[in-house]
Structure formats: C-alpha cells, structure tokens
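Structure file data-v5.txt with compact mmCIF, C-alpha atoms:
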# COMPACT_ATOMS: atom_id res chain seq x y z
CA MET A 1 96.08 17.72 -96.63
CA SER A 2 95.04 15.23 -99.25
CA ALA A 3 98.45 13.54 -99.03
CA ALA A 4 97.91 13.18 -95.28
CA LEU A 5 94.48 11.73 -95.97
CA THR A 6 95.87 9.17 -98.40
CA GLU A 7 98.45 8.24 -95.82
CA MET A 8 95.80 7.94 -93.13
CA GLY A 9 93.44 5.99 -95.43
CA PRO A 10 94.81 2.48 -94.77
CA TYR A 11 94.91 3.16 -91.01
CA LEU A 12 91.35 4.46 -91.03
CA ALA A 13 90.27 1.36 -92.96
CA LEU A 14 92.15 -0.84 -90.47
CA ILE A 15 90.25 0.73 -87.55
CA LEU A 16 86.83 0.93 -89.21
CA VAL A 17 86.53 -2.32 -91.18
CA GLY A 18 89.36 -4.35 -89.60
CA PHE A 19 89.52 -3.63 -85.88
CA LEU A 20 85.95 -2.63 -84.93
CA PRO A 21 83.95 -5.43 -86.63
CA ASN A 22 86.45 -7.88 -85.12
CA GLU A 23 86.63 -6.48 -81.59
CA VAL A 24 82.84 -6.19 -81.33
CA TRP A 25 82.63 -9.94 -80.62
CA ARG A 26 85.10 -9.76 -77.74
CA VAL A 27 83.18 -6.83 -76.26
CA LEU A 28 79.81 -8.50 -76.84
CA GLY A 29 81.07 -11.65 -75.14
CA PHE A 30 82.13 -9.47 -72.22
CA VAL A 31 78.72 -7.77 -72.09
CA LEU A 32 76.73 -10.97 -72.53
CA VAL A 33 78.68 -12.83 -69.83
CA ARG A 34 75.79 -15.10 -69.11
CA GLY A 35 76.42 -18.38 -70.88
CA LEU A 36 75.68 -18.44 -74.58
CA ASP A 37 75.23 -21.93 -75.89
CA GLU A 38 78.06 -22.68 -78.30
CA ASP A 39 75.85 -25.30 -79.92
CA SER A 40 72.80 -23.08 -80.43
CA GLN A 41 71.60 -23.31 -84.05
CA VAL A 42 72.37 -19.68 -84.91
CA VAL A 43 75.96 -20.07 -83.72
CA VAL A 44 76.33 -23.30 -85.70
CA TRP A 45 74.99 -21.64 -88.88
CA VAL A 46 77.23 -18.58 -88.45
CA ARG A 47 80.22 -20.90 -88.05
CA ALA A 48 79.37 -22.53 -91.37
CA VAL A 49 78.99 -19.12 -93.09
CA ALA A 50 82.28 -17.91 -91.60
CA THR A 51 84.09 -21.06 -92.74
CA ALA A 52 82.77 -20.72 -96.30
CA THR A 53 83.77 -17.03 -96.37
CA LEU A 54 87.29 -17.83 -95.20
CA ALA A 55 87.49 -20.64 -97.78
CA ALA A 56 86.58 -18.18 -100.55
CA VAL A 57 89.39 -15.86 -99.43
CA LEU A 58 91.88 -18.75 -99.36
CA ALA A 59 90.80 -19.80 -102.86
CA GLN A 60 91.33 -16.22 -104.00
CA LEU A 61 94.84 -16.20 -102.49
CA ILE A 62 95.72 -19.43 -104.30
CA LEU A 63 94.04 -18.77 -107.67
CA SER A 64 94.55 -15.04 -108.24
CA SER A 65 97.76 -14.53 -106.26
CA GLN A 66 99.56 -11.23 -106.08
CA GLY A 67 103.18 -10.30 -105.47
CA ALA A 68 105.88 -12.95 -105.38
CA LEU A 69 103.39 -15.81 -105.40
CA ALA A 70 102.00 -14.67 -108.76
CA ALA A 71 105.30 -15.72 -110.41
CA ILE A 72 104.48 -19.38 -109.66
CA PRO A 73 102.18 -20.92 -112.33
CA VAL A 74 98.61 -21.28 -111.10
CA TRP A 75 98.50 -25.06 -111.52
CA VAL A 76 101.65 -25.41 -109.38
CA ARG A 77 99.87 -23.39 -106.67
CA ILE A 78 96.79 -25.63 -106.94
CA GLY A 79 98.95 -28.76 -106.97
CA ALA A 80 100.86 -27.57 -103.89
CA SER A 81 97.58 -26.90 -102.04
CA CYS A 82 96.28 -30.37 -102.87
CA ALA A 83 99.61 -31.96 -101.88
CA GLY A 84 99.52 -30.08 -98.58
CA LEU A 85 95.96 -31.20 -97.82
CA LEU A 86 96.75 -34.78 -98.79
CA ALA A 87 99.87 -34.88 -96.60
CA PHE A 88 97.84 -33.33 -93.77
CA MET A 89 95.29 -36.17 -94.02
CA ILE A 90 97.90 -38.92 -94.36
CA ALA A 91 99.91 -37.59 -91.40
CA ARG A 92 96.92 -37.92 -89.06
CA ARG A 93 95.81 -34.31 -89.40
CA SER A 94 99.18 -32.70 -88.73
CA VAL A 95 99.10 -29.05 -89.82
CA PHE A 96 102.90 -28.94 -89.69
CA VAL A 97 103.35 -31.83 -92.12
CA GLY A 98 100.66 -30.38 -94.40
CA VAL A 99 102.34 -26.98 -94.57
CA LEU A 100 105.80 -28.53 -95.14
CA ALA A 101 104.54 -30.75 -97.97
CA GLY A 102 102.63 -27.92 -99.63
CA GLU A 103 105.65 -25.63 -99.42
CA ALA A 104 108.00 -28.33 -100.75
CA VAL A 105 105.81 -28.90 -103.81
CA LEU A 106 105.45 -25.16 -104.36
CA VAL A 107 109.20 -24.48 -104.19
CA ALA A 108 110.07 -27.51 -106.35
CA GLY A 109 107.38 -26.66 -108.91
CA GLY A 110 108.40 -23.03 -108.87
CA ALA A 111 112.07 -23.91 -109.41
CA ILE A 112 111.21 -26.10 -112.40
CA TRP A 113 108.38 -24.23 -114.08
CA ALA A 114 108.58 -20.59 -113.07
CA PRO A 115 109.71 -18.42 -115.99
CA MET B 1 103.48 -29.37 -69.98
CA GLN B 2 104.56 -29.62 -66.34
CA ALA B 3 102.85 -28.10 -63.36
CA PRO B 4 104.59 -25.06 -61.89
CA PRO B 5 107.17 -26.12 -59.28
CA THR B 6 105.84 -23.50 -56.88
CA GLU B 7 102.55 -21.70 -56.95
CA PRO B 8 103.00 -18.10 -58.20
CA ALA B 9 103.21 -16.06 -54.99
CA ASN B 10 101.94 -12.81 -56.49
CA ALA B 11 100.55 -11.26 -59.66
CA ASP B 12 104.01 -10.53 -61.13
CA ASN B 13 104.99 -14.17 -60.79
CA ALA B 14 101.69 -15.28 -62.29
CA PHE B 15 102.31 -12.97 -65.26
CA LEU B 16 105.80 -14.40 -65.77
CA TYR B 17 104.44 -17.93 -65.42
CA GLY B 18 101.96 -17.02 -68.17
CA CYS B 19 104.84 -15.81 -70.37
CA ARG B 20 106.73 -19.06 -69.88
CA THR B 21 103.61 -21.11 -70.54
CA ALA B 22 103.11 -19.21 -73.82
CA PHE B 23 106.67 -19.82 -75.00
CA ALA B 24 106.45 -23.53 -74.19
CA SER B 25 103.10 -23.85 -75.94
CA VAL B 26 102.74 -25.31 -79.44
CA PHE B 27 100.95 -22.07 -80.35
CA SER B 28 104.14 -19.99 -80.11
CA PHE B 29 105.45 -21.99 -83.07
CA VAL B 30 102.15 -21.77 -84.98
CA ILE B 31 101.93 -18.01 -84.39
CA VAL B 32 105.51 -17.36 -85.51
CA PHE B 33 105.06 -19.06 -88.86
CA THR B 34 101.51 -17.81 -89.42
CA TYR B 35 102.53 -14.20 -88.85
CA ILE B 36 105.72 -14.48 -90.90
CA GLY B 37 103.34 -15.47 -93.69
CA PHE B 38 101.01 -12.60 -92.86
CA GLY B 39 103.89 -10.10 -92.90
CA ALA B 40 104.94 -11.38 -96.31
CA LEU B 41 101.35 -11.05 -97.52
CA CYS B 42 101.14 -7.44 -96.29
CA HIS B 43 104.41 -6.59 -98.03
CA ASP B 44 103.26 -7.90 -101.39
CA TYR B 45 99.84 -6.25 -101.10
CA GLY B 46 101.59 -2.91 -100.62
CA PHE B 47 100.89 -2.10 -96.97
CA SER B 48 103.49 -0.51 -94.69
CA VAL B 49 105.28 -2.48 -91.98
CA GLY B 50 103.74 -0.28 -89.24
CA TRP B 51 100.26 -0.91 -90.59
CA SER B 52 100.90 -4.66 -90.69
CA MET B 53 102.15 -4.75 -87.10
CA LEU B 54 99.23 -2.61 -85.94
CA SER B 55 96.83 -4.99 -87.65
CA THR B 56 98.29 -7.89 -85.64
CA ALA B 57 98.22 -5.93 -82.36
CA LEU B 58 94.69 -4.56 -82.81
CA GLN B 59 92.90 -7.37 -84.61
CA TRP B 60 94.77 -10.39 -83.25
CA ALA B 61 92.63 -12.73 -85.35
CA GLY B 62 94.36 -14.42 -88.28
CA PRO B 63 91.41 -15.03 -90.62
CA ALA B 64 90.08 -11.48 -90.12
CA GLN B 65 93.52 -10.04 -90.90
CA VAL B 66 93.94 -12.11 -94.06
CA ILE B 67 90.46 -11.09 -95.23
CA LEU B 68 91.20 -7.41 -94.50
CA VAL B 69 94.51 -7.37 -96.40
CA THR B 70 93.31 -9.41 -99.37
CA ALA B 71 90.03 -7.52 -99.71
CA LEU B 72 91.52 -4.02 -99.20
CA GLY B 73 94.32 -4.90 -101.61
CA SER B 74 91.90 -5.99 -104.32
CA GLY B 75 89.55 -3.01 -103.88
CA THR B 76 86.55 -4.71 -102.27
CA ALA B 77 83.77 -2.40 -100.96
CA LEU B 78 84.45 -1.32 -97.36
CA PHE B 79 81.01 -2.40 -96.18
CA GLU B 80 81.55 -5.88 -97.57
CA ILE B 81 84.96 -6.12 -95.89
CA ALA B 82 83.47 -5.11 -92.52
CA VAL B 83 80.79 -7.81 -92.79
CA ALA B 84 83.28 -10.47 -93.92
CA VAL B 85 85.67 -9.56 -91.08
CA ALA B 86 82.83 -9.65 -88.55
CA LEU B 87 81.61 -13.03 -89.84
CA SER B 88 85.10 -14.48 -89.66
CA SER B 89 85.49 -13.51 -85.98
CA VAL B 90 82.23 -14.69 -84.43
CA ARG B 91 84.20 -17.48 -82.73
CA LEU B 92 85.68 -14.84 -80.39
CA LEU B 93 82.33 -14.32 -78.66
CA PRO B 94 81.81 -17.76 -77.11
CA ILE B 95 85.45 -18.00 -75.97
CA VAL B 96 85.18 -14.68 -74.12
CA VAL B 97 81.93 -15.86 -72.55
CA ALA B 98 83.62 -19.09 -71.46
CA LEU B 99 86.74 -17.33 -70.16
CA LEU B 100 85.20 -14.74 -67.85
CA PRO B 101 83.74 -17.03 -65.17
CA LEU B 102 87.20 -18.63 -64.85
CA VAL B 103 89.25 -15.47 -64.27
CA ARG B 104 86.80 -13.16 -62.58
CA THR B 105 86.38 -12.66 -58.83
CA GLU B 106 83.72 -10.68 -57.02
CA ARG B 107 86.16 -7.80 -56.59
CA THR B 108 87.33 -7.71 -60.22
CA ARG B 109 86.78 -4.32 -61.85
CA ALA B 110 85.73 -4.02 -65.49
CA TRP B 111 88.99 -2.26 -66.49
CA GLN B 112 91.05 -5.21 -65.26
CA LEU B 113 89.36 -7.33 -67.90
CA ILE B 114 90.19 -5.04 -70.85
CA HIS B 115 93.53 -6.77 -71.48
CA PRO B 116 92.44 -10.41 -71.13
CA VAL B 117 89.36 -9.75 -73.28
CA HIS B 118 91.42 -8.15 -76.06
CA TYR B 119 94.01 -10.96 -75.98
CA MET B 120 91.29 -13.58 -76.43
CA ALA B 121 91.96 -15.75 -79.42
CA VAL B 122 91.75 -19.52 -79.67
CA SER B 123 95.45 -19.91 -78.78
CA VAL B 124 95.41 -17.77 -75.61
CA TRP B 125 92.07 -19.19 -74.60
CA VAL B 126 93.20 -22.82 -74.86
CA GLU B 127 96.34 -22.21 -72.77
CA THR B 128 94.45 -20.19 -70.15
CA MET B 129 91.65 -22.73 -69.82
CA ARG B 130 94.24 -25.49 -69.48
CA HIS B 131 96.48 -23.92 -66.81
CA ALA B 132 94.45 -21.27 -64.97
CA PRO B 133 92.22 -23.67 -62.97
CA ALA B 134 95.33 -24.81 -61.06
CA LEU B 135 96.08 -21.22 -59.95
CA PRO B 136 94.47 -19.21 -57.15
CA ARG B 137 91.58 -17.27 -58.63
CA GLU B 138 93.05 -13.80 -57.94
CA ARG B 139 96.20 -14.66 -59.96
CA ARG B 140 94.40 -15.85 -63.07
CA ILE B 141 93.99 -12.50 -64.84
CA ALA B 142 97.73 -11.84 -64.48
CA PHE B 143 98.47 -15.33 -65.80
CA CYS B 144 96.12 -14.84 -68.76
CA ASN B 145 97.75 -11.45 -69.48
CA GLY B 146 101.16 -13.13 -69.47
CA VAL B 147 100.05 -15.70 -72.04
CA GLY B 148 98.24 -13.10 -74.16
CA PHE B 149 100.96 -10.45 -74.04
CA THR B 150 103.64 -12.98 -75.00
CA LEU B 151 101.73 -14.47 -77.92
CA VAL B 152 100.56 -11.09 -79.28
CA SER B 153 104.15 -9.77 -79.03
CA LEU B 154 105.46 -12.84 -80.85
CA GLY B 155 102.80 -12.22 -83.51
CA VAL B 156 103.76 -8.54 -83.94
CA VAL B 157 107.50 -9.30 -84.12
CA SER B 158 106.92 -12.17 -86.58
CA THR B 159 104.77 -9.89 -88.75
CA ALA B 160 107.68 -7.44 -89.04
CA ALA B 161 110.14 -10.31 -89.63
CA GLY B 162 107.97 -11.74 -92.42
CA TYR B 163 107.57 -8.28 -93.95
CA TYR B 164 111.32 -7.61 -94.14
CA LEU B 165 112.17 -11.18 -95.16
CA GLN B 166 109.77 -10.80 -98.05
CA ALA B 167 111.55 -7.62 -99.15
CA ALA B 168 114.99 -9.25 -98.89
CA LEU B 169 114.54 -12.82 -100.06
CA PRO B 170 114.78 -14.08 -103.65
CA ALA B 171 111.45 -14.49 -105.45
CA VAL B 172 110.98 -18.23 -104.90
CA PHE B 173 111.37 -17.87 -101.11
CA GLY B 174 109.07 -14.87 -101.21
CA ALA B 175 106.48 -17.01 -102.95
CA ALA B 176 106.94 -19.71 -100.32
CA ALA B 177 106.47 -17.17 -97.49
CA MET B 178 103.28 -15.88 -99.10
CA PHE B 179 102.03 -19.42 -99.58
CA ILE B 180 102.22 -20.01 -95.80
CA THR B 181 98.94 -18.15 -95.34
CA PRO B 182 96.65 -20.18 -97.63
CA ILE B 183 98.20 -23.56 -96.85
CA SER B 184 98.36 -23.11 -93.07
CA PHE B 185 94.84 -21.70 -92.83
CA LEU B 186 93.52 -24.42 -95.13
CA THR B 187 94.98 -27.24 -93.02
CA SER B 188 94.31 -25.65 -89.63
CA THR B 189 90.69 -24.89 -90.56
CA ALA B 190 90.28 -28.49 -91.66
CA ARG B 191 91.86 -29.54 -88.37
CA ASN B 192 89.63 -27.30 -86.23
CA SER B 193 86.47 -28.53 -87.97
CA LYS B 194 84.50 -30.20 -85.25
CA LEU B 195 81.64 -31.14 -87.55
CA LEU B 196 81.45 -32.53 -91.07
CA MET B 197 79.46 -29.36 -91.76
CA GLU B 198 82.57 -27.19 -91.47
CA LYS B 199 84.49 -29.37 -93.92
CA ILE B 200 81.61 -29.13 -96.38
CA ALA B 201 81.53 -25.35 -95.90
CA LEU B 202 85.29 -25.23 -96.52
CA GLY B 203 84.97 -27.22 -99.76
CA LEU B 204 81.91 -25.31 -100.98
CA GLY B 205 83.54 -21.96 -100.24
CA MET B 206 86.60 -22.90 -102.30
CA VAL B 207 84.39 -23.84 -105.27
CA ILE B 208 81.63 -21.20 -105.08
CA GLY B 209 84.04 -18.36 -104.23
CA PRO B 210 86.10 -18.47 -107.43
CA LEU B 211 82.94 -19.14 -109.53
CA LEU B 212 81.19 -16.03 -108.20
CA ALA B 213 84.40 -13.99 -108.43
CA LEU B 214 84.84 -15.06 -112.07
CA SER B 215 81.26 -14.12 -112.95
CA LYS B 216 81.97 -10.68 -111.45
CA ILE B 217 78.98 -10.79 -109.12
CA GLU B 218 78.87 -7.95 -106.60
CA PHE B 219 79.57 -8.90 -102.96
CA ASP B 220 80.87 -12.30 -104.14
CA LEU B 221 82.55 -12.90 -100.74
CA LEU B 222 79.30 -12.47 -98.81
CA TRP B 223 77.23 -14.51 -101.24
CA THR B 224 79.79 -17.32 -101.09
CA GLY B 225 79.61 -17.32 -97.30
CA ILE B 226 75.83 -17.27 -97.15
CA LEU B 227 75.33 -19.79 -99.95
CA GLY B 228 78.10 -22.21 -99.00
CA GLY B 229 77.47 -21.85 -95.28
CA THR B 230 73.71 -22.33 -95.51
CA LEU B 231 74.09 -25.34 -97.82
CA ALA B 232 76.57 -26.93 -95.42
CA TYR B 233 74.30 -26.14 -92.48
CA GLY B 234 71.36 -27.68 -94.39
CA VAL B 235 73.30 -30.90 -94.93
CA HIS B 236 74.17 -30.90 -91.22
CA ARG B 237 70.50 -30.52 -90.22
CA TRP B 238 69.34 -33.10 -92.76
CA ARG B 239 71.85 -35.68 -91.50
CA ARG B 240 70.86 -35.01 -87.90
CA THR B 241 67.13 -35.40 -88.47
CA ARG B 242 67.81 -38.53 -90.51
CA SER B 243 69.97 -40.11 -87.82
CA ALA B 244 67.47 -39.02 -85.13
CA ALA B 245 64.57 -40.67 -86.98
CA PRO B 246 63.62 -44.14 -85.64
Since I need it in another form, could you write the structure as structure tokens?
Amino acid sequence: MSAALTEMGPYLALILVGFLPNEVWRVLGFVLVRGLDEDSQVVVWVRAVATATLAAVLAQLILSSQGALAAIPVWVRIGASCAGLLAFMIARRSVFVGVLAGEAVLVAGGAIWAP
Amino acid sequence: MQAPPTEPANADNAFLYGCRTAFASVFSFVIVFTYIGFGALCHDYGFSVGWSMLSTALQWAGPAQVILVTALGSGTALFEIAVAVALSSVRLLPIVVALLPLVRTERTRAWQLIHPVHYMAVSVWVETMRHAPALPRERRIAFCNGVGFTLVSLGVVSTAAGYYLQAALPAVFGAAAMFITPISFLTSTARNSKLLMEKIALGLGMVIGPLLALSKIEFDLLWTGILGGTLAYGVHRWRRTRSAAP
C-alpha cells in the first residue's frame, strides 16, 4: 500500500502541481474567449514576474547543478553560460549559435578541468 | 515556407498538411533539442522515463516542466511549485484567446476544441496563426491538430531519447545534455523578450534568486519572481512616463 503510494507520489505531484496549474490558463483562455488585452498592465506585470521566476530556476540549474552536470566545476558552468549569451548577442540573437557556443565552452572546460 | 500546392480537400488532408508544416517548421528542431535536454534533466533528477514523457504530453510547456522537475527534485513545498508553475505559464492564456476566433465556426462544438486548446504553446500557435488563415475555416481545427499532434509527439519521443542518452553516454556528454536546458532557455527567453523590462527581469531573477536561495529564505522562488518582476515592471513604467512627459 505505502509502496504503491510512493510510486504514485511523483505522478500525483505531476497532476496536481504540474499539469493543473499549467492547464488552467489554456482552459481560462477558452472560457474567456472575448479578447483579453495582451498589453494590459496586469498581464505585463505577470510577464515580468514569470520571467524573473524562470530566471531564478535557470540560475539554480547552473549554480547548484545535480547529476552529470555537477561534475563540471561551477565556474566553468558560469563561464559557459556567459559565453553562450555573448555568442547569442554577437550572432544577431541566434539561439542556435548561443547554445552551440555555450556547449562548446562547457565541454572544453569540462575536459580540461573536471576531476 | 511554401503555400500548399492544392487546398486540403477534407479534414484528413488538412491534418496531414498540419503534420508536414510542423516538420518543416524551425520549431521541430528547437523542440527536439529542448526535450532531449529535458529528458536528460529528468534522468539526473531521478524521475522515471514514463513520468518524464507524461510531463511533456500533459504539460507541454517547457518552463513549467523545468520548474516542476527542478523544484520537486530539490524538495520545494508543493504549494510553492504550483504557484511557480502557474506563473510561468500565464502566456498560454492570451494565445488561446487569440487562437479561438481563427479556428472556430458557428457550428464548432466545445469538445472539438479540447485538442487544439491543449496543444497551444507558442510554437503551435505561431505556425497555426501563420498558415491557417489561408485555409477554409472548417479545415483549420484539423490543421491545428496536425501541427500540435506532431510537435507534442516529437517532444515526447525526444524526452525519452534524452532520458536514455543520458543513461548511456559518458559523463561529459551527459553534462552537455543537461546544460541544454539552462542555456537554451536563457537565450530563447532573451530572444523572446519584447520589452527591455523582460531582460531586466531575467537579469534580476538570476541575481536575486541565488541570493535568496543562499540565505535560505522560505519560498525563495516566489519572492524572487515578485521582487525581480515588480522591480523590472517599475523600471518599465518609470521609463514610459518619462518618455511620455513633454
């Protein structure tokens, strides 16, 4: 019973705090139908809050990495992120170039400095 | 992207045309590498492959999925995760609102819209808004379903591929696969920023987030969002009033 519960736990969490709070916006949009101004001040503020929240998660992924990424020294991970952003800006905002450059620095740095 | 040689004669053709449009779209590439990264992330945070694929199929929203996995994996309070996931997905509301008038007819039943509404993400929305206006109105839902079904399926398959690659590859490639998530979201969020405000919010979040996490403040994710977001919004308002002043 409890083993089944532990097994179900992640799925329950996925439905309750992953799927539902996400899907609610699609359903609300469907219910609202009548035009909601994408530039209304509340929507603009929420977009800023959402961006800052996502940024915090990305910083967490880079700074306190888990799994295979944790084997790469933290300053290589930071350096690779900066290199990726820099390449992205130089290459006229190309996400592809940014990701490639970041990955290249990460793999090179990892090959040289990883224990 | 070229116009269809012949107009889709029925709903099946419109669905297949949607599938082809999805494969030819730049988003198919973006989704494959984003979800390979997500699969790798799920593997190293200890989730099962079925769970990871279900997350892609049910949530179908990259930022929300990354928040869910990272926060669940590091033991964040469930309530806080739900709020953070909800905040990260507000963008889905206006795109659904903008989509419906394009695909709906007077005879459309609510159940016919369940699929297109669930498939709605920026990628599917952009492709539908670009191609659907050229199609007869009664074929548009089928077309949208074709685009959505194809991209979601690509996402689910790539999640599994990333998961197993992560298990099989040597450590340095595993690290590279896991790094796809932060670096691709960082650059694509910067790219999607329509306003300076969003770039400021991105920068503030990356600074305030780790600071609050280090000082072990409760609900650090939410406080970062509210603090960084409101500050960025304040700058946005201040610049607007200043430029509006005579």
(request) Could you please determine the separation between CA of Phe88 in chain A and CA of Ala175 in chain B in Å, to one decimal place? (result)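 The value is 20.6 Å.
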(message) Counting only C-alpha atoms, which residue out of B:Phe33, B:Trp111, B:Tyr119, B:Leu99 sits closest to Ala132 in chain B?
(response)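 Nearest candidate to Ala132 in chain B out of B:Phe33, B:Trp111, B:Tyr119, B:Leu99: B:Leu99.
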Please build the interface table for chain B against chain A with a cut-off of 6 Å, listing for each qualifying residue the nearest atom pair and the distance in Å to one decimal; count only C-alpha atoms, order rows by chain and increasing number, and write it as a Markdown table.
| residue | atom | partner | partner_atom | distance |
| --- | --- | --- | --- | --- |
| B:Asp44 | CA | A:Gly67 | CA | 4.7 |
| B:Gln59 | CA | A:Phe19 | CA | 5.2 |
| B:Ala82 | CA | A:Val17 | CA | 4.4 |
| B:Ala86 | CA | A:Pro21 | CA | 4.8 |
| B:Leu87 | CA | A:Ala50 | CA | 5.2 |
| B:Ser88 | CA | A:Ala50 | CA | 4.8 |
| B:Ser89 | CA | A:Asn22 | CA | 5.8 |
| B:Leu92 | CA | A:Arg26 | CA | 5.8 |
| B:Leu93 | CA | A:Gly29 | CA | 4.6 |
| B:Val96 | CA | A:Gly29 | CA | 5.2 |
| B:Val97 | CA | A:Gly29 | CA | 5.0 |
| B:Ala171 | CA | A:Ala68 | CA | 5.8 |
| B:Gly174 | CA | A:Ala68 | CA | 5.6 |
| B:Ala175 | CA | A:Leu69 | CA | 4.1 |
| B:Pro182 | CA | A:Leu58 | CA | 5.3 |
| B:Ile183 | CA | A:Val99 | CA | 5.8 |
| B:Ser184 | CA | A:Val99 | CA | 5.8 |
| B:Thr187 | CA | A:Val95 | CA | 5.5 |
| B:Ser188 | CA | A:Val95 | CA | 5.9 |
| B:Glu198 | CA | A:Ala48 | CA | 5.7 |
| B:Ala201 | CA | A:Ala52 | CA | 4.8 |
| B:Leu202 | CA | A:Ala52 | CA | 5.2 |
| B:Gly205 | CA | A:Ala52 | CA | 4.2 |
| B:Met206 | CA | A:Ala56 | CA | 5.0 |
| B:Gly209 | CA | A:Ala56 | CA | 4.5 |
| B:Gly225 | CA | A:Thr53 | CA | 4.3 |
| B:Ile226 | CA | A:Val49 | CA | 5.5 |
| B:Gly228 | CA | A:Ala52 | CA | 5.6 |
| B:Gly229 | CA | A:Val49 | CA | 3.8 |
| B:Tyr233 | CA | A:Trp45 | CA | 5.8 |
(request) Considering only C-alpha atoms, return as a PyMOL selection string whatever protein or nucleic-acid residues lie within 10 Å of range 34-36 of chain B, sequence-local ones (same chain, fewer than 6 positions apart) excluded. (result) chain B and resi 28+42+52-53+56+62+154-166+177-178+180-185
(request) Please identify all polymer residues lying at most 9 Å from the point (92.2, -18.7, -73.7) (file coordinates), using only C-alpha atoms, and present the result as a PyMOL selection string. (result) chain B and resi 95-96+98-99+116+119-130+144+147-148
